[in-house]
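Colleague: Next comes protein_8.txt, compact mmCIF, C-alpha atoms:
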# COMPACT_ATOMS: atom_id res chain seq x y z
CA MET A 1 -20.11 -20.97 1.39
CA ARG A 2 -19.13 -23.91 3.65
CA ALA A 3 -20.17 -21.91 6.70
CA ASN A 4 -23.58 -21.22 5.16
CA ALA A 5 -23.98 -24.90 4.29
CA LEU A 6 -23.12 -25.97 7.84
CA SER A 7 -25.59 -23.46 9.29
CA ALA A 8 -28.30 -24.87 7.04
CA ILE A 9 -27.42 -28.46 7.96
CA ALA A 10 -27.47 -27.60 11.66
CA HIS A 11 -30.93 -26.10 11.26
CA LEU A 12 -32.23 -29.13 9.38
CA SER A 13 -30.66 -31.59 11.84
CA THR A 14 -33.02 -30.48 14.58
CA SER A 15 -35.75 -32.51 12.90
CA GLU A 16 -35.84 -36.23 13.64
CA ASN A 17 -33.55 -38.45 11.54
CA SER A 18 -32.55 -35.58 9.24
CA LEU A 19 -28.81 -36.22 9.67
CA THR A 20 -27.82 -39.87 10.03
CA HIS A 21 -24.69 -41.42 11.50
CA ASP A 22 -23.38 -42.01 7.97
CA ASP A 23 -24.25 -38.45 6.92
CA LEU A 24 -22.26 -37.05 9.83
CA THR A 25 -19.31 -39.33 9.05
CA THR A 26 -19.29 -38.14 5.43
CA LEU A 27 -19.44 -34.52 6.55
CA CYS A 28 -16.45 -35.08 8.86
CA GLN A 29 -14.48 -36.56 5.97
CA LEU A 30 -15.20 -33.49 3.85
CA LEU A 31 -14.07 -31.13 6.62
CA PHE A 32 -10.91 -32.97 7.65
CA GLN A 33 -8.56 -30.44 6.02
CA GLU A 34 -10.60 -27.42 7.12
CA GLU A 35 -8.59 -24.35 8.18
CA ASN A 36 -11.37 -21.77 8.48
CA GLN A 37 -12.12 -20.96 12.11
CA ASN A 38 -15.74 -19.99 11.42
CA VAL A 39 -16.40 -23.32 9.72
CA ALA A 40 -14.67 -25.17 12.58
CA ARG A 41 -16.80 -23.34 15.14
CA LEU A 42 -20.04 -24.11 13.29
CA TRP A 43 -19.02 -27.74 12.92
CA CYS A 44 -18.41 -28.01 16.69
CA ASN A 45 -21.85 -26.50 17.29
CA LEU A 46 -23.37 -29.10 14.98
CA ILE A 47 -21.56 -31.91 16.82
CA SER A 48 -22.86 -30.67 20.19
CA GLN A 49 -26.40 -30.61 18.86
CA TRP A 50 -26.18 -33.97 17.07
CA VAL A 51 -24.60 -35.87 19.98
CA ARG A 52 -27.15 -34.56 22.47
CA GLN A 53 -29.92 -35.63 20.10
CA HIS A 54 -28.57 -39.09 19.25
CA GLN A 55 -26.40 -39.99 22.29
CA CYS A 56 -23.72 -41.63 20.15
CA VAL A 57 -20.38 -40.53 18.68
CA PRO A 58 -19.02 -41.69 15.30
CA PRO A 59 -15.26 -42.38 15.79
CA ILE A 60 -14.26 -39.91 13.06
CA VAL A 61 -15.74 -37.09 15.13
CA LEU A 62 -12.93 -37.40 17.68
CA ASP A 63 -10.36 -37.63 14.89
CA LEU A 64 -11.54 -34.33 13.47
CA LEU A 65 -11.79 -32.64 16.89
CA THR A 66 -8.17 -33.63 17.50
CA GLU A 67 -7.12 -31.77 14.36
CA ILE A 68 -8.89 -28.49 15.02
CA PRO A 69 -6.60 -26.90 17.66
CA SER A 70 -3.39 -27.86 15.86
CA ARG A 71 -4.60 -26.79 12.43
CA LEU A 72 -5.94 -23.43 13.59
CA SER A 73 -3.13 -22.72 16.07
CA ALA A 74 -0.59 -23.11 13.27
CA GLN A 75 -2.22 -20.06 11.69
CA HIS A 76 -2.73 -18.25 15.02
CA LEU A 77 -6.49 -18.59 14.47
CA PHE A 78 -7.54 -20.72 17.44
CA GLU A 79 -9.50 -18.13 19.40
CA GLY A 80 -12.05 -18.02 22.20
CA GLY A 81 -15.22 -18.51 20.14
CA THR A 82 -13.94 -21.66 18.46
CA ALA A 83 -12.46 -22.97 21.71
CA ARG A 84 -15.82 -22.45 23.47
CA ALA A 85 -17.66 -24.30 20.69
CA MET A 86 -15.13 -27.13 20.91
CA MET A 87 -15.49 -27.24 24.70
CA ASP A 88 -19.27 -27.55 24.30
CA ALA A 89 -18.85 -30.38 21.78
CA LEU A 90 -16.45 -32.26 24.06
CA LYS A 91 -18.77 -31.83 27.03
CA ALA A 92 -21.72 -33.16 25.02
CA ILE A 93 -19.63 -36.18 24.02
CA ALA A 94 -18.36 -36.84 27.55
CA GLN A 95 -21.79 -36.46 29.13
CA SER A 96 -23.38 -38.76 26.55
CA GLU A 97 -21.33 -41.69 27.93
CA ALA A 98 -22.05 -43.41 24.61
CA GLN A 99 -21.44 -47.14 24.76
CA SER A 100 -18.90 -47.21 21.92
CA LEU A 101 -17.09 -44.04 23.02
CA ASP A 102 -13.30 -44.21 22.95
CA SER A 103 -12.61 -42.49 26.27
CA ALA A 104 -8.83 -42.58 25.77
CA ALA A 105 -9.14 -40.75 22.45
CA LEU A 106 -11.53 -38.24 24.03
CA SER A 107 -9.03 -37.61 26.84
CA GLN A 108 -6.36 -36.82 24.26
CA VAL A 109 -8.61 -34.20 22.64
CA VAL A 110 -9.37 -32.59 26.01
CA ARG A 111 -5.66 -32.46 26.82
CA LYS A 112 -4.91 -30.87 23.46
CA LEU A 113 -7.57 -28.21 24.09
CA LEU A 114 -6.05 -27.31 27.47
CA LEU A 115 -2.62 -27.05 25.87
CA SER A 116 -3.81 -24.91 22.94
CA ILE A 117 -5.38 -21.80 24.48
CA HIS A 118 -5.49 -19.84 27.70
CA ILE A 119 -9.12 -20.30 28.67
CA VAL A 120 -9.29 -16.73 29.95
CA GLN A 121 -10.14 -15.98 26.29
CA VAL A 122 -13.23 -18.21 26.46
CA ARG A 123 -16.63 -17.04 27.71
CA ASN A 124 -17.60 -18.67 31.05
CA SER A 125 -14.46 -20.71 30.56
CA GLU A 126 -13.66 -21.84 34.08
CA SER A 127 -17.09 -23.22 34.95
CA GLU A 128 -17.43 -24.86 31.53
CA MET A 129 -13.99 -26.48 31.78
CA ILE A 130 -14.76 -27.74 35.29
CA ASP A 131 -17.97 -29.32 33.98
CA LEU A 132 -16.04 -30.91 31.10
CA LEU A 133 -13.24 -32.26 33.28
CA SER A 134 -15.75 -33.56 35.84
CA ALA A 135 -17.57 -35.46 33.09
CA MET A 136 -14.23 -36.77 31.82
CA ASN A 137 -13.31 -37.98 35.30
CA ARG A 138 -16.21 -40.42 35.18
CA LEU A 139 -14.81 -41.85 31.93
CA ASP A 140 -11.08 -41.71 32.64
CA ARG A 141 -10.04 -41.79 36.30
CA GLN A 142 -6.39 -41.19 35.39
CA LEU A 143 -6.91 -38.00 33.40
CA LEU A 144 -6.57 -35.51 36.26
CA SER A 145 -3.33 -37.15 37.42
CA ILE A 146 -1.98 -37.09 33.85
CA LEU A 147 -2.88 -33.43 33.51
CA ILE A 148 -0.97 -32.60 36.69
CA HIS A 149 2.17 -34.57 35.91
CA GLU A 150 2.43 -34.14 32.13
CA ASP A 151 0.42 -31.13 30.97
CA CYS A 152 0.28 -28.62 33.80
CA PRO A 153 4.08 -28.05 33.73
CA LEU A 154 3.73 -26.99 30.08
CA ILE A 155 0.64 -24.92 30.81
CA ALA A 156 2.43 -23.18 33.68
CA ARG A 157 5.35 -22.42 31.39
CA HIS A 158 2.91 -20.55 29.12
CA GLY A 159 1.58 -18.66 32.13
CA TRP A 160 -1.94 -19.95 31.50
CA VAL A 161 -2.92 -20.08 35.17
CA ARG A 162 -6.68 -20.11 34.56
CA ASN A 163 -6.33 -23.52 32.90
CA ILE A 164 -4.63 -24.80 36.03
CA PHE A 165 -7.24 -23.15 38.26
CA ALA A 166 -9.90 -25.16 36.39
CA VAL A 167 -7.95 -28.37 37.04
CA VAL A 168 -7.59 -27.50 40.75
CA LYS A 169 -11.29 -26.73 41.16
CA THR A 170 -12.27 -29.89 39.30
CA ILE A 171 -10.16 -31.92 41.73
CA ARG A 172 -11.91 -30.23 44.64
CA ARG A 173 -15.30 -31.08 43.09
CA VAL A 174 -14.67 -34.75 42.27
CA GLU A 175 -12.20 -35.77 45.01
CA GLY A 176 -12.70 -33.26 47.77
CA GLN A 177 -10.56 -30.49 49.21
CA ARG A 178 -8.09 -32.91 50.84
CA SER A 179 -7.27 -34.76 47.63
CA GLU A 180 -3.70 -36.02 47.31
CA LEU A 181 -3.68 -34.58 43.78
CA LEU A 182 -3.74 -31.09 45.28
CA ASN A 183 -0.73 -32.04 47.40
CA ASN A 184 1.01 -33.16 44.20
CA ILE A 185 0.45 -29.72 42.70
CA LEU A 186 1.71 -27.95 45.83
CA ALA A 187 4.89 -30.06 45.69
CA ALA A 188 5.52 -29.37 41.99
CA ASP A 189 8.30 -26.97 41.01
CA TRP A 190 5.90 -25.24 38.59
CA CYS A 191 3.42 -24.37 41.37
CA THR A 192 3.51 -20.57 41.52
CA PRO A 193 2.35 -18.50 44.52
CA GLU A 194 -0.82 -17.70 42.54
CA ILE A 195 -1.62 -21.39 42.05
CA ARG A 196 -0.77 -22.16 45.69
CA SER A 197 -3.15 -19.38 46.78
CA VAL A 198 -6.03 -20.92 44.79
CA ILE A 199 -5.38 -24.33 46.34
CA LEU A 200 -5.43 -22.84 49.83
CA GLU A 201 -8.66 -21.06 48.90
CA VAL A 202 -10.41 -24.24 47.72
CA ARG A 203 -9.24 -25.92 50.93
CA GLY A 204 -10.80 -23.18 52.98
CA GLY A 205 -7.43 -21.93 54.20
Since I need it in another form, could you write the structure as structure tokens?

Modeller:
Amino acid sequence: MRANALSAIAHLSTSENSLTHDDLTTLCQLLFQEENQNVARLWCNLISQWVRQHQCVPPIVLDLLTEIPSRLSAQHLFEGGTARAMMDALKAIAQSEAQSLDSAALSQVVRKLLLSIHIVQVRNSESEMIDLLSAMNRLDRQLLSILIHEDCPLIARHGWVRNIFAVVKTIRRVEGQRSELLNNILAADWCTPEIRSVILEVRGG
């Protein structure tokens, strides 16, 4: 029933002023304890659509996005379709560069997403994640460094190399193939031969 309601709201929200800032905030409050992956996916789709239409982000939206991976992962329900919808929502938020956007909070959500699923499960995952991380780099210049030093060791421990490939290729895009961040990865004890090979590839070696 909630999924049907969200689908209907998403359809209606395409018309001008059909879903206000306050309406969206109220909807987020109602969904804060949501544990249904289909509802979470539809909600992320609605957020993507609403943010692109209005170019602003109510603070509670990030609070709810933070909860989705943890809540669904606890039930082993955080899968590729929901992760892709969440990635789209985060990219819409990052690319909006809304004036009141809490970039630090958004960075935390992006980090949680990378730590919650191997993006090989997500359709067009690598290119989409590169686009998201590139948009985030404009908002938070420290994020890529934080990912390398704090999150990539955990990601490597899971064996989720595609997540790290996306980080490597984002660095190449935003800083160039000679970036010191790539040297930091090569020097890390978690840098596997597979990761090293990708770095050499993006450097043209």

Colleague: Can you tell me how far CA of Leu42 in chain A sits from CA of Ile60 in chain A, in Å to one decimal?

Modeller: 16.8 Å

Colleague: Ranking A:Val57, A:Trp190, A:Ala40, A:Asn45 by minimum distance to Asp22 in chain A and counting only C-alpha atoms, which one comes first?

Modeller: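 Of the candidates, the smallest distance to Asp22 in chain A is held by A:Val57.
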
Colleague: With a distance cut-off of 6 Å and all atoms listed in the file, select the neighbouring residues of range 71-85 of chain A, excluding the residue or stretch itself and same-chain residues fewer than 6 positions from it, and output the selection as number ranges by chain.

Modeller: A: 41, 44-45, 121-122

Colleague: Please define a box with edges along x, y and z of the file around all atoms of range 79-96 of chain A given in the file, extend it by 5 Å on each side, and return its centre and edge lengths in Å to one decimal, as JSON.

Modeller:
{"center_x": -16.4, "center_y": -28.4, "center_z": 23.8, "size_x": 23.9, "size_y": 30.7, "size_z": 20.7}

Colleague: Kindly indicate which residue among A:Leu133, A:Leu64, A:Met87, A:Leu46 lies nearest to Phe32 in chain A, using only C-alpha atoms for the distances.

Modeller: A:Leu64

Colleague: State, in Å with one decimal place, the distance from CA of Val39 in chain A to CA of Arg111 in chain A.

Modeller: 22.2 Å

Colleague: Might you pull out every residue within 8 Å of Pro59 in chain A, with only C-alpha atoms counted and same-chain residues fewer than 3 positions away left off, and present them as a PyMOL selection string?

Modeller: chain A and resi 62-63+101-102

Colleague: Tell me which protein, DNA and RNA residues are within 12 Å of range 175-180 of chain A, counting all atoms listed in the file, leaving out same-chain ones fewer than 2 positions away, and put them as a list of chain:residue names.

Modeller: A:Ser134, A:Asn137, A:Arg138, A:Arg141, A:Leu144, A:Ser145, A:Ile148, A:Val167, A:Val168, A:Lys169, A:Thr170, A:Ile171, A:Arg172, A:Arg173, A:Leu182, A:Asn183, A:Asn184, A:Ile185, A:Leu186, A:Ala187, A:Val198, A:Ile199, A:Leu200, A:Glu201, A:Val202, A:Arg203, A:Gly204, A:Gly205

Colleague: With all atoms listed in the file as the atoms that count, which of A:Ile93, A:Ser48, A:Ile117, A:Gln99 lies nearest to Pro69 in chain A?

Modeller: A:Ile117

Colleague: Which value, in Å to one decimal, gives the distance between CA of Ala94 in chain A and CA of Met129 in chain A?

Modeller: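 Straight-line distance from CA of Ala94 in chain A to CA of Met129 in chain A works out to 12.0 Å.
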
Colleague: Just the residues within 12 Å of Asp189 in chain A, please, counting all atoms listed in the file, with nothing from its chain fewer than 4 positions along; format it as a PDB file with C-alpha atoms, in the coordinates of the input.

Modeller:
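Once written, selection.pdb looks like this:
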ATOM      1  CA  ILE A 148      -0.970 -32.600  36.690  1.00  0.00           C
ATOM      2  CA  HIS A 149       2.170 -34.570  35.910  1.00  0.00           C
ATOM      3  CA  CYS A 152       0.280 -28.620  33.800  1.00  0.00           C
ATOM      4  CA  PRO A 153       4.080 -28.050  33.730  1.00  0.00           C
ATOM      5  CA  LEU A 154       3.730 -26.990  30.080  1.00  0.00           C
ATOM      6  CA  ALA A 156       2.430 -23.180  33.680  1.00  0.00           C
ATOM      7  CA  ARG A 157       5.350 -22.420  31.390  1.00  0.00           C
ATOM      8  CA  ASN A 184       1.010 -33.160  44.200  1.00  0.00           C
ATOM      9  CA  ILE A 185       0.450 -29.720  42.700  1.00  0.00           C
ATOM     10  CA  PRO A 193       2.350 -18.500  44.520  1.00  0.00           C
ATOM     11  CA  ILE A 195      -1.620 -21.390  42.050  1.00  0.00           C
ATOM     12  CA  ARG A 196      -0.770 -22.160  45.690  1.00  0.00           C
TER      13      ARG A 196
END

Colleague: Using all atoms listed in the file, pick whichever of A:Leu31, A:Leu65, A:Ile130, A:Ile146 has the shortest atom-to-atom distance to Leu106 in chain A.

Modeller: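 Closest to Leu106 in chain A, using all atoms listed in the file: A:Leu65.
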
Colleague: Between A:Lys91, A:Arg123, A:His118, A:Arg52, which has the minimum distance to Ile155 in chain A (counting all atoms listed in the file)?

Modeller: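 Among A:Lys91, A:Arg123, A:His118, A:Arg52, it is A:His118 that comes nearest to Ile155 in chain A.
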
Colleague: Which is closest to Asp151 in chain A among A:Ala92, A:Ala135, A:Leu115, A:Val110, if we use only C-alpha atoms?

Modeller: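 Ranking A:Ala92, A:Ala135, A:Leu115, A:Val110 by distance to Asp151 in chain A, first place goes to A:Leu115.
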
Colleague: May I have the residues within 8 Å of Ser107 in chain A as a list of chain:residue names, using all atoms listed in the file and disregarding those fewer than 3 positions away in the same chain?

Modeller: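 Once the adjacent positions are removed, what remains is A:Ser103, A:Ala104, A:Val110, A:Arg111, A:Met136, A:Asp140, A:Leu143.
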